[in-house]
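Here is coords_0.cif, consisting of mmCIF, C-alpha atoms and all ligand atoms:
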```cif
data_start
loop_
_atom_site.label_atom_id
_atom_site.label_comp_id
_atom_site.auth_asym_id
_atom_site.auth_seq_id
_atom_site.Cartn_x
_atom_site.Cartn_y
_atom_site.Cartn_z
CA MET A 1 32.33 0.10 -3.51
CA SER A 2 34.59 -0.77 -6.49
CA GLU A 3 36.46 1.99 -8.29
CA GLN A 4 34.72 3.07 -11.47
CA VAL A 5 35.89 0.62 -14.15
CA THR A 6 35.40 1.41 -17.84
CA LEU A 7 33.61 -1.49 -19.48
CA PRO A 8 32.67 -2.04 -23.12
CA PRO A 9 28.97 -1.43 -23.91
CA LEU A 10 26.92 -4.58 -23.21
CA ARG A 11 25.48 -4.67 -26.72
CA GLU A 12 29.05 -4.88 -28.06
CA VAL A 13 29.78 -7.77 -25.69
CA VAL A 14 26.69 -9.59 -26.96
CA LYS A 15 27.72 -8.99 -30.57
CA LYS A 16 31.35 -9.97 -30.04
CA HIS A 17 30.42 -13.30 -28.41
CA GLY A 18 27.45 -14.06 -30.68
CA LEU A 19 24.98 -14.19 -27.77
CA SER A 20 21.74 -14.19 -29.74
CA ALA A 21 18.91 -14.78 -27.25
CA ASN A 22 17.87 -18.40 -26.81
CA LYS A 23 14.15 -18.57 -25.94
CA SER A 24 14.32 -22.05 -24.42
CA LEU A 25 16.79 -20.70 -21.81
CA GLY A 26 14.49 -17.80 -20.92
CA GLN A 27 16.98 -15.27 -22.27
CA ASN A 28 15.66 -11.71 -22.11
CA PHE A 29 18.65 -9.50 -21.50
CA LEU A 30 18.78 -6.11 -19.74
CA PHE A 31 21.19 -3.47 -21.05
CA ASP A 32 20.12 -0.27 -19.27
CA SER A 33 22.87 0.39 -16.71
CA HIS A 34 20.69 2.82 -14.73
CA LEU A 35 17.93 0.21 -14.35
CA LEU A 36 20.46 -2.50 -13.49
CA SER A 37 21.98 -0.31 -10.74
CA ARG A 38 18.49 0.28 -9.31
CA ILE A 39 17.88 -3.49 -9.17
CA ALA A 40 21.27 -4.07 -7.52
CA ALA A 41 20.38 -1.42 -4.91
CA VAL A 42 17.12 -3.12 -3.82
CA PRO A 43 18.66 -5.17 -0.95
CA GLY A 44 20.60 -2.13 0.35
CA SER A 45 24.37 -1.69 0.26
CA LEU A 46 26.16 -4.74 -1.18
CA ASP A 47 29.65 -3.41 -0.55
CA GLY A 48 31.68 -6.43 0.62
CA GLU A 49 28.54 -8.65 0.66
CA ARG A 50 28.39 -12.10 -0.93
CA VAL A 51 25.85 -12.49 -3.71
CA PHE A 52 24.55 -15.49 -5.64
CA GLU A 53 23.31 -14.68 -9.14
CA VAL A 54 21.37 -17.13 -11.29
CA GLY A 55 21.87 -16.68 -15.02
CA PRO A 56 24.31 -13.78 -15.49
CA GLY A 57 24.06 -14.15 -19.30
CA PRO A 58 26.23 -11.45 -20.91
CA GLY A 59 26.70 -9.90 -17.44
CA GLY A 60 24.41 -6.84 -17.25
CA LEU A 61 23.19 -7.30 -13.68
CA THR A 62 26.55 -8.85 -12.75
CA ARG A 63 28.28 -5.57 -13.68
CA ALA A 64 25.96 -3.58 -11.44
CA LEU A 65 26.58 -6.00 -8.57
CA LEU A 66 30.35 -5.88 -9.01
CA GLN A 67 30.29 -2.10 -9.27
CA SER A 68 28.41 -1.95 -5.99
CA GLY A 69 31.28 -3.87 -4.36
CA ALA A 70 29.60 -7.30 -4.10
CA ILE A 71 31.54 -10.56 -4.26
CA VAL A 72 29.53 -12.54 -6.79
CA THR A 73 29.14 -16.27 -7.37
CA ALA A 74 27.09 -16.92 -10.49
CA VAL A 75 25.73 -20.02 -12.17
CA GLU A 76 25.05 -19.94 -15.90
CA ARG A 77 23.63 -22.73 -18.03
CA ASP A 78 24.59 -21.29 -21.42
CA ASP A 79 28.28 -22.00 -22.09
CA ARG A 80 28.31 -19.35 -24.83
CA CYS A 81 28.21 -16.68 -22.07
CA LEU A 82 31.29 -17.93 -20.23
CA PRO A 83 34.00 -16.11 -22.27
CA ALA A 84 32.13 -12.79 -21.85
CA LEU A 85 31.91 -13.41 -18.11
CA ASP A 86 35.63 -14.28 -17.98
CA GLU A 87 36.37 -10.89 -19.54
CA LEU A 88 34.16 -9.18 -16.97
CA SER A 89 35.87 -11.06 -14.17
CA ALA A 90 39.25 -9.73 -15.31
CA HIS A 91 38.00 -6.16 -14.66
CA PHE A 92 37.06 -7.05 -11.05
CA PRO A 93 39.86 -9.28 -9.74
CA GLY A 94 38.73 -11.66 -6.98
CA GLN A 95 35.11 -10.47 -7.13
CA LEU A 96 33.46 -12.82 -9.64
CA ASN A 97 33.33 -16.58 -9.72
CA VAL A 98 31.21 -18.24 -12.43
CA THR A 99 30.09 -21.87 -12.39
CA ALA A 100 28.72 -23.49 -15.52
CA GLY A 101 25.60 -25.49 -14.74
CA ASP A 102 21.94 -25.67 -13.86
CA ALA A 103 20.78 -23.52 -10.93
CA LEU A 104 18.08 -26.06 -10.09
CA LYS A 105 20.73 -28.69 -9.41
CA ILE A 106 23.39 -26.61 -7.74
CA ASP A 107 24.42 -27.49 -4.17
CA MET A 108 24.18 -24.08 -2.45
CA ALA A 109 25.59 -25.39 0.82
CA ALA A 110 28.80 -26.36 -1.02
CA LEU A 111 29.09 -22.89 -2.58
CA PHE A 112 28.45 -20.76 0.50
CA GLN A 113 29.61 -21.09 4.07
CA GLU A 114 28.71 -17.49 4.96
CA PRO A 115 25.40 -15.60 4.61
CA PHE A 116 24.73 -14.17 1.17
CA HIS A 117 22.08 -12.38 -0.89
CA ILE A 118 20.43 -13.85 -3.98
CA LEU A 119 19.77 -11.53 -6.93
CA SER A 120 18.64 -12.58 -10.37
CA ASN A 121 16.86 -11.59 -13.51
CA LEU A 122 15.46 -15.12 -13.51
CA PRO A 123 14.85 -17.28 -16.54
CA TYR A 124 11.04 -17.33 -16.36
CA ASN A 125 10.70 -21.04 -17.05
CA ILE A 126 12.40 -21.98 -13.77
CA GLY A 127 11.68 -18.89 -11.63
CA SER A 128 8.85 -20.31 -9.50
CA ALA A 129 10.62 -23.66 -9.07
CA LEU A 130 13.73 -21.91 -7.75
CA LEU A 131 11.71 -19.71 -5.41
CA VAL A 132 9.85 -22.73 -3.98
CA GLN A 133 13.18 -24.52 -3.53
CA TRP A 134 14.69 -21.55 -1.62
CA LEU A 135 11.56 -21.18 0.53
CA SER A 136 11.26 -24.87 1.35
CA GLU A 137 14.54 -25.45 3.16
CA ASP A 138 14.13 -27.55 6.29
CA GLY A 139 16.00 -25.19 8.62
CA TRP A 140 14.99 -21.53 9.12
CA PRO A 141 16.15 -18.77 8.97
CA PRO A 142 18.07 -19.80 5.84
CA ILE A 143 21.69 -18.97 5.06
CA TRP A 144 20.56 -16.40 2.46
CA LYS A 145 19.80 -12.90 3.72
CA SER A 146 17.48 -11.70 0.97
CA LEU A 147 16.02 -12.58 -2.43
CA THR A 148 15.74 -9.92 -5.15
CA LEU A 149 14.17 -11.60 -8.14
CA MET A 150 12.66 -10.61 -11.47
CA PHE A 151 9.41 -12.39 -12.35
CA GLN A 152 6.59 -11.89 -14.77
CA ARG A 153 4.37 -9.29 -13.08
CA GLU A 154 1.56 -11.83 -12.74
CA VAL A 155 3.81 -14.21 -10.76
CA ALA A 156 5.12 -11.32 -8.63
CA GLU A 157 1.51 -10.42 -7.78
CA ARG A 158 0.84 -14.00 -6.70
CA ILE A 159 3.83 -13.91 -4.34
CA VAL A 160 2.65 -10.79 -2.49
CA ALA A 161 -1.13 -11.33 -2.81
CA GLU A 162 -3.49 -10.93 0.12
CA PRO A 163 -6.35 -13.32 0.97
CA GLY A 164 -9.59 -12.64 -0.88
CA THR A 165 -7.86 -11.71 -4.14
CA ASN A 166 -7.65 -13.74 -7.35
CA ALA A 167 -3.86 -13.81 -7.19
CA TYR A 168 -3.79 -15.32 -3.68
CA GLY A 169 -2.70 -18.96 -3.67
CA ARG A 170 0.05 -21.48 -3.06
CA LEU A 171 2.96 -19.13 -3.83
CA SER A 172 1.55 -16.35 -1.59
CA ILE A 173 1.27 -18.70 1.38
CA LEU A 174 4.63 -20.35 0.94
CA ALA A 175 6.36 -16.97 0.53
CA GLN A 176 4.52 -15.01 3.23
CA TRP A 177 4.70 -17.76 5.81
CA ARG A 178 8.47 -17.47 6.03
CA CYS A 179 9.27 -14.09 4.48
CA ASN A 180 8.30 -10.47 4.25
CA ALA A 181 7.60 -9.99 0.56
CA LYS A 182 7.06 -6.86 -1.51
CA ILE A 183 7.19 -5.72 -5.12
CA ALA A 184 10.19 -3.39 -5.38
CA MET A 185 9.58 -2.15 -8.93
CA ASN A 186 7.83 -2.89 -12.19
CA VAL A 187 9.91 -3.30 -15.32
CA HIS A 188 8.32 -2.58 -18.69
CA ARG A 189 8.79 -5.24 -21.37
CA SER A 190 10.62 -2.74 -23.59
CA ALA A 191 13.57 -2.77 -21.15
CA PHE A 192 14.46 -6.31 -22.28
CA THR A 193 16.13 -7.62 -25.42
CA PRO A 194 14.18 -9.33 -26.84
CA PRO A 195 11.08 -7.92 -25.11
CA PRO A 196 8.94 -10.60 -23.44
CA LYS A 197 5.15 -10.57 -24.01
CA VAL A 198 4.29 -9.19 -20.55
CA THR A 199 5.41 -6.67 -17.91
CA SER A 200 7.88 -7.88 -15.29
CA ALA A 201 8.44 -6.97 -11.65
CA VAL A 202 11.24 -7.28 -9.12
CA VAL A 203 10.19 -8.95 -5.88
CA HIS A 204 12.17 -8.50 -2.67
CA LEU A 205 11.90 -11.09 0.08
CA THR A 206 13.60 -11.15 3.48
CA PRO A 207 13.30 -14.10 5.86
CA LYS A 208 11.19 -13.74 8.99
CA ASP A 209 13.14 -14.74 12.09
CA GLN A 210 10.77 -17.25 13.58
CA PRO A 211 7.84 -18.24 11.44
CA GLU A 212 5.60 -20.80 13.14
CA GLY A 213 6.99 -24.27 12.66
CA VAL A 214 5.37 -26.59 10.15
CA GLN A 215 6.84 -28.97 7.59
CA PRO A 216 7.26 -27.11 4.30
CA LYS A 217 6.37 -30.28 2.33
CA LEU A 218 3.07 -30.66 4.19
CA LEU A 219 2.16 -27.00 3.66
CA GLU A 220 2.96 -27.38 -0.02
CA GLN A 221 0.81 -30.51 -0.38
CA LEU A 222 -2.09 -28.89 1.48
CA THR A 223 -2.05 -25.66 -0.53
CA GLN A 224 -1.56 -27.56 -3.78
CA ARG A 225 -4.62 -29.66 -3.04
CA VAL A 226 -7.02 -26.91 -2.00
CA PHE A 227 -5.96 -24.38 -4.64
CA SER A 228 -6.19 -26.91 -7.46
CA GLN A 229 -9.94 -26.70 -6.69
CA ARG A 230 -10.05 -23.06 -5.65
CA ARG A 231 -13.78 -22.64 -6.37
CA LYS A 232 -14.67 -25.52 -4.06
CA MET A 233 -15.38 -25.31 -0.32
CA LEU A 234 -12.66 -26.68 1.92
CA ARG A 235 -14.85 -29.57 3.04
CA GLN A 236 -14.95 -30.79 -0.57
CA SER A 237 -11.25 -30.53 -1.34
CA MET A 238 -10.13 -31.83 2.05
CA LYS A 239 -12.44 -34.76 2.56
CA SER A 240 -10.16 -37.12 0.60
CA MET A 241 -7.15 -36.03 2.67
CA ARG A 242 -6.44 -38.28 5.65
CA GLY A 243 -7.70 -36.49 8.75
CA GLY A 244 -8.62 -33.46 6.60
CA LEU A 245 -12.11 -32.74 7.98
CA GLU A 246 -11.02 -33.32 11.59
CA ALA A 247 -8.04 -30.99 11.09
CA LEU A 248 -10.36 -28.25 9.77
CA GLU A 249 -12.52 -28.58 12.85
CA ALA A 250 -9.58 -28.65 15.27
CA ALA A 251 -8.08 -25.57 13.57
CA LYS A 252 -11.49 -23.85 13.97
CA ILE A 253 -11.79 -23.10 10.26
CA ASP A 254 -15.30 -23.17 8.81
CA ASN A 255 -15.35 -26.02 6.27
CA GLN A 256 -17.66 -24.05 3.97
CA ARG A 257 -15.02 -21.45 3.27
CA ARG A 258 -13.15 -21.33 -0.02
CA PRO A 259 -9.32 -21.51 0.09
CA GLU A 260 -8.74 -17.95 -1.15
CA THR A 261 -10.40 -16.57 2.02
CA VAL A 262 -8.09 -18.50 4.38
CA SER A 263 -5.22 -16.43 5.77
CA VAL A 264 -1.59 -17.55 5.86
CA GLY A 265 -1.84 -17.96 9.65
CA GLU A 266 -4.91 -20.17 9.29
CA PHE A 267 -3.18 -22.38 6.71
CA ILE A 268 -0.28 -22.83 9.13
CA ARG A 269 -2.75 -23.79 11.89
CA LEU A 270 -4.39 -26.28 9.58
CA ALA A 271 -1.09 -27.83 8.47
CA ARG A 272 -0.07 -28.20 12.11
CA GLN A 273 -3.32 -30.00 12.88
CA LEU A 274 -2.76 -32.32 9.93
CA SER A 275 0.70 -33.23 11.16
CA SER A 276 -0.40 -33.86 14.75
N1 LIG A 301 21.29 -11.64 -16.09
C1 LIG A 301 21.14 -11.37 -17.51
C2 LIG A 301 20.42 -10.04 -17.69
O1 LIG A 301 19.82 -9.57 -16.71
O2 LIG A 301 20.46 -9.50 -18.78
C3 LIG A 301 20.39 -12.49 -18.20
C4 LIG A 301 19.00 -12.80 -17.65
S1 LIG A 301 18.08 -13.92 -18.65
C5 LIG A 301 16.43 -13.46 -18.21
C6 LIG A 301 18.21 -15.50 -17.82
C7 LIG A 301 19.60 -16.14 -17.81
O3 LIG A 301 19.51 -17.38 -17.10
C8 LIG A 301 20.16 -16.48 -19.17
O4 LIG A 301 21.51 -16.07 -19.24
C9 LIG A 301 20.06 -18.01 -19.26
O5 LIG A 301 21.04 -18.59 -20.08
C10 LIG A 301 20.24 -18.39 -17.81
N2 LIG A 301 19.63 -19.70 -17.44
C11 LIG A 301 18.54 -20.31 -17.97
N3 LIG A 301 18.26 -21.46 -17.34
C12 LIG A 301 19.22 -21.60 -16.38
C13 LIG A 301 19.48 -22.58 -15.40
N4 LIG A 301 18.70 -23.67 -15.28
N5 LIG A 301 20.53 -22.41 -14.58
C14 LIG A 301 21.33 -21.30 -14.69
N6 LIG A 301 21.12 -20.34 -15.60
C15 LIG A 301 20.10 -20.47 -16.44
#
```
Take the structure in this file and express it as structure tokens.
Amino acid sequence: MSEQVTLPPLREVVKKHGLSANKSLGQNFLFDSHLLSRIAAVPGSLDGERVFEVGPGPGGLTRALLQSGAIVTAVERDDRCLPALDELSAHFPGQLNVTAGDALKIDMAALFQEPFHILSNLPYNIGSALLVQWLSEDGWPPIWKSLTLMFQREVAERIVAEPGTNAYGRLSILAQWRCNAKIAMNVHRSAFTPPPKVTSAVVHLTPKDQPEGVQPKLLEQLTQRVFSQRRKMLRQSMKSMRGGLEALEAAKIDNQRRPETVSVGEFIRLARQLSS
């Protein structure tokens, strides 16, 4: 744990560096240090742990991570934030390294040789794309140890949803196939500056050791296809897929079922049949 460092109030940092929120970059900043410490505590102790943060912005969550003793590598797309982050870095020598760039294009393997945690108050416009990217790596378990990510509450519910619910779909299957996923906390819109239109939630995911093997791309294509017609029976949505009806039969899944009733395990069975 780092020694208590006295930092200027975040709102002053924002004012000093002219960091008015840019909507197109999904900028909704958090200033409440108590809330930020609670988010940083979700994965457990980060003392001496490596952390990857997407979008540090003026550095609210980054402060909490550094104060908890983490060694942080951050990627930020908005160059206006870089001087503020440089100032923060000076308070925590050797603990913060910021790269300017787009998190969707960053080569994680080049940044990290050792296991690390990912924490982020994600820009909402790229949140799901990043999650899918992190969940779709070819090898498993991945090099990251946990994901602690802020989403719109509705997206968070889709990630943890159970079969038979309206929220259950592609994201639930992709996430729960390879990870244990839970909602760690809800965050009211008033906690953000500016406040977004909806409530948010922090999702915590940890990789399962040995999820059943199937190609992530195939699982993605399958779930994309059947959930784009979620009211239809599987036999309808899968008949145009090569070997689709035969795979349903071989996986012993009734072709009159609708996709939202099919469990994660059954989807894996089906994808395996499709690939064989
Ligand atoms: N971490 C800060 C906080 O909690 O107050 C800011 C969070 S704000 C919701 C999202 C941040 O992600 C912004 O700083 C924004 O500039 C940055 N961002 C947006 N798109 C990005 C991208 N493609 N790659 C990296 N950062 C991005």
List every residue of region 49-110 of chain A that has an atom at most 9 Å from any atom of region 114-125 of chain A, and for each one report the closest atom pair and its distance in Å to one decimal, counting all atoms listed in the file, with rows sorted by chain and then by increasing residue number, as a tab-separated table.
```
residue	atom	partner	partner_atom	distance
A:Glu49	CA	A:Phe116	CA	6.7
A:Arg50	CA	A:Phe116	CA	4.7
A:Val51	CA	A:His117	CA	4.7
A:Phe52	CA	A:Ile118	CA	4.7
A:Glu53	CA	A:Leu119	CA	5.2
A:Val54	CA	A:Ser120	CA	5.4
A:Gly55	CA	A:Leu122	CA	6.8
A:Pro56	CA	A:Ser120	CA	7.7
A:Leu61	CA	A:Asn121	CA	7.6
A:Leu65	CA	A:Leu119	CA	8.9
```
Requested in this report: Within 7 Å of region 176-188 of chain A, counting all atoms listed in the file, which residues show up once you throw out same-chain ones fewer than 3 positions away? Write them as a list in words, please.
Outcome: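 Selected residues are Ala156, Val160, Ser172, Ile173, Ala191, Thr199, Ser200, Ala201, Val202, Val203, His204, Leu205, Thr206, Pro207, Lys208, Pro211 and Val264 of chain A.
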Query raised in the report: Please, what distance in Å, to one decimal, runs between CA of Val75 (chain A) and CA of Glu220 (chain A)?
Result: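 Going from CA of Val75 (chain A) over to CA of Glu220 (chain A), I get 26.8 Å.
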Around all of region 226-231 of chain A's listed atoms, make the axis-aligned box with 3 Å on each side and tell me centre and edge lengths in Å to one decimal, as AutoDock Vina command-line options.
```
--center_x -9.9 --center_y -24.8 --center_z -4.7 --size_x 13.8 --size_y 10.3 --size_z 11.5
```
Set out as a Markdown table a contact list for chain A and ligand LIG 301 (chain A) with a cut-off of 9 Å, giving each residue of chain A that qualifies its closest atom pair and distance in Å to one decimal, counting all atoms listed in the file, ordered by chain and rising residue number.
```
| residue | atom | partner | partner_atom | distance |
| --- | --- | --- | --- | --- |
| A:Ala21 | CA | A:LIG301 | C8 | 8.4 |
| A:Asn22 | CA | A:LIG301 | O5 | 7.4 |
| A:Lys23 | CA | A:LIG301 | C9 | 8.9 |
| A:Ser24 | CA | A:LIG301 | C11 | 7.9 |
| A:Leu25 | CA | A:LIG301 | C11 | 4.2 |
| A:Gly26 | CA | A:LIG301 | C6 | 5.4 |
| A:Gln27 | CA | A:LIG301 | S1 | 4.0 |
| A:Asn28 | CA | A:LIG301 | C5 | 4.3 |
| A:Phe29 | CA | A:LIG301 | O2 | 3.3 |
| A:Leu30 | CA | A:LIG301 | O2 | 3.9 |
| A:Phe31 | CA | A:LIG301 | O2 | 6.5 |
| A:Leu36 | CA | A:LIG301 | O1 | 7.8 |
| A:Glu53 | CA | A:LIG301 | N1 | 7.9 |
| A:Val54 | CA | A:LIG301 | N6 | 5.4 |
| A:Gly55 | CA | A:LIG301 | O3 | 3.2 |
| A:Pro56 | CA | A:LIG301 | N1 | 3.7 |
| A:Gly57 | CA | A:LIG301 | O4 | 3.2 |
| A:Pro58 | CA | A:LIG301 | C1 | 6.1 |
| A:Gly59 | CA | A:LIG301 | C1 | 5.8 |
| A:Gly60 | CA | A:LIG301 | O2 | 5.0 |
| A:Leu61 | CA | A:LIG301 | O1 | 5.1 |
| A:Thr62 | CA | A:LIG301 | N1 | 6.8 |
| A:Ala74 | CA | A:LIG301 | C14 | 8.4 |
| A:Val75 | CA | A:LIG301 | C14 | 5.2 |
| A:Glu76 | CA | A:LIG301 | N6 | 4.0 |
| A:Arg77 | CA | A:LIG301 | N6 | 4.2 |
| A:Asp78 | CA | A:LIG301 | O5 | 4.7 |
| A:Asp79 | CA | A:LIG301 | O5 | 8.3 |
| A:Arg80 | CA | A:LIG301 | O5 | 8.7 |
| A:Cys81 | CA | A:LIG301 | O4 | 7.3 |
| A:Ala100 | CA | A:LIG301 | C14 | 7.8 |
| A:Gly101 | CA | A:LIG301 | N5 | 5.9 |
| A:Asp102 | CA | A:LIG301 | N5 | 3.6 |
| A:Ala103 | CA | A:LIG301 | N5 | 3.8 |
| A:Leu104 | CA | A:LIG301 | N4 | 5.7 |
| A:Lys105 | CA | A:LIG301 | N4 | 8.0 |
| A:Ile106 | CA | A:LIG301 | N5 | 8.5 |
| A:Ser120 | CA | A:LIG301 | N1 | 6.4 |
| A:Asn121 | CA | A:LIG301 | O1 | 4.8 |
| A:Leu122 | CA | A:LIG301 | C5 | 5.1 |
| A:Pro123 | CA | A:LIG301 | C6 | 4.0 |
| A:Tyr124 | CA | A:LIG301 | C5 | 6.9 |
| A:Asn125 | CA | A:LIG301 | N3 | 7.6 |
| A:Ile126 | CA | A:LIG301 | N4 | 6.7 |
| A:Met150 | CA | A:LIG301 | C5 | 8.2 |
| A:Phe192 | CA | A:LIG301 | O2 | 7.6 |
| A:Thr193 | CA | A:LIG301 | O2 | 8.1 |
```
Query raised in the report: If you measure from CA of Val226 (chain A) to CA of Pro259 (chain A), what distance in Å do you get, rounded to one decimal?
Result: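 Pair CA of Val226 (chain A) / CA of Pro259 (chain A) returns 6.2 Å.
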Requested in this report: Would you kindly identify which residues have an atom no farther than 10 Å from (-0.8, -26.5, 14.5), using only C-alpha atoms and the file's own coordinates, and write them out as an MDAnalysis selection string?
Outcome: chainID A and resid 212:214 247 250:251 265:276
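When CA of Asn255 (chain A) is paired with CA of Met233 (chain A), their separation reads 6.6 Å.
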Missing atoms in region 127-135 of chain A: fill them in up to all heavy atoms and send the result as an mmCIF file, in the frame of the given file.
```
data_model
loop_
_atom_site.group_PDB
_atom_site.id
_atom_site.type_symbol
_atom_site.label_atom_id
_atom_site.label_comp_id
_atom_site.auth_asym_id
_atom_site.auth_seq_id
_atom_site.Cartn_x
_atom_site.Cartn_y
_atom_site.Cartn_z
ATOM 1 N N GLY A 127 11.742 -19.867 -12.723
ATOM 2 C CA GLY A 127 11.680 -18.890 -11.630
ATOM 3 C C GLY A 127 10.908 -19.391 -10.414
ATOM 4 O O GLY A 127 11.411 -19.377 -9.286
ATOM 5 N N SER A 128 9.666 -19.868 -10.642
ATOM 6 C CA SER A 128 8.850 -20.310 -9.500
ATOM 7 C C SER A 128 9.462 -21.528 -8.839
ATOM 8 O O SER A 128 9.453 -21.640 -7.611
ATOM 9 C CB SER A 128 7.430 -20.649 -9.958
ATOM 10 O OG SER A 128 6.846 -19.524 -10.518
ATOM 11 N N ALA A 129 10.012 -22.445 -9.645
ATOM 12 C CA ALA A 129 10.620 -23.660 -9.070
ATOM 13 C C ALA A 129 11.793 -23.297 -8.158
ATOM 14 O O ALA A 129 11.947 -23.855 -7.067
ATOM 15 C CB ALA A 129 11.077 -24.596 -10.190
ATOM 16 N N LEU A 130 12.600 -22.326 -8.590
ATOM 17 C CA LEU A 130 13.730 -21.910 -7.750
ATOM 18 C C LEU A 130 13.249 -21.254 -6.467
ATOM 19 O O LEU A 130 13.762 -21.527 -5.382
ATOM 20 C CB LEU A 130 14.626 -20.926 -8.518
ATOM 21 C CG LEU A 130 15.633 -21.552 -9.480
ATOM 22 C CD1 LEU A 130 16.296 -20.474 -10.322
ATOM 23 C CD2 LEU A 130 16.695 -22.351 -8.731
ATOM 24 N N LEU A 131 12.230 -20.395 -6.606
ATOM 25 C CA LEU A 131 11.710 -19.710 -5.410
ATOM 26 C C LEU A 131 11.192 -20.740 -4.411
ATOM 27 O O LEU A 131 11.510 -20.681 -3.217
ATOM 28 C CB LEU A 131 10.604 -18.727 -5.807
ATOM 29 C CG LEU A 131 9.943 -18.016 -4.631
ATOM 30 C CD1 LEU A 131 10.934 -17.107 -3.903
ATOM 31 C CD2 LEU A 131 8.736 -17.190 -5.080
ATOM 32 N N VAL A 132 10.408 -21.705 -4.886
ATOM 33 C CA VAL A 132 9.850 -22.730 -3.980
ATOM 34 C C VAL A 132 10.996 -23.497 -3.317
ATOM 35 O O VAL A 132 10.964 -23.765 -2.119
ATOM 36 C CB VAL A 132 8.896 -23.677 -4.760
ATOM 37 C CG1 VAL A 132 8.522 -24.889 -3.918
ATOM 38 C CG2 VAL A 132 7.649 -22.916 -5.185
ATOM 39 N N GLN A 133 12.021 -23.803 -4.091
ATOM 40 C CA GLN A 133 13.180 -24.520 -3.530
ATOM 41 C C GLN A 133 13.830 -23.699 -2.400
ATOM 42 O O GLN A 133 14.104 -24.214 -1.328
ATOM 43 C CB GLN A 133 14.172 -24.745 -4.671
ATOM 44 C CG GLN A 133 15.294 -25.711 -4.362
ATOM 45 C CD GLN A 133 16.131 -25.963 -5.634
ATOM 46 O OE1 GLN A 133 15.623 -26.396 -6.652
ATOM 47 N NE2 GLN A 133 17.396 -25.669 -5.574
ATOM 48 N N TRP A 134 14.027 -22.396 -2.630
ATOM 49 C CA TRP A 134 14.690 -21.550 -1.620
ATOM 50 C C TRP A 134 13.806 -21.355 -0.383
ATOM 51 O O TRP A 134 14.306 -21.149 0.716
ATOM 52 C CB TRP A 134 15.077 -20.197 -2.222
ATOM 53 C CG TRP A 134 16.163 -20.309 -3.251
ATOM 54 C CD1 TRP A 134 17.190 -21.212 -3.262
ATOM 55 C CD2 TRP A 134 16.338 -19.512 -4.427
ATOM 56 N NE1 TRP A 134 17.978 -21.026 -4.366
ATOM 57 C CE2 TRP A 134 17.490 -19.985 -5.098
ATOM 58 C CE3 TRP A 134 15.627 -18.444 -4.986
ATOM 59 C CZ2 TRP A 134 17.956 -19.431 -6.293
ATOM 60 C CZ3 TRP A 134 16.099 -17.891 -6.172
ATOM 61 C CH2 TRP A 134 17.250 -18.378 -6.811
ATOM 62 N N LEU A 135 12.472 -21.404 -0.606
ATOM 63 C CA LEU A 135 11.560 -21.180 0.530
ATOM 64 C C LEU A 135 11.276 -22.456 1.307
ATOM 65 O O LEU A 135 10.677 -22.405 2.374
ATOM 66 C CB LEU A 135 10.221 -20.632 0.010
ATOM 67 C CG LEU A 135 10.229 -19.223 -0.551
ATOM 68 C CD1 LEU A 135 8.886 -18.906 -1.198
ATOM 69 C CD2 LEU A 135 10.544 -18.213 0.539
#
```
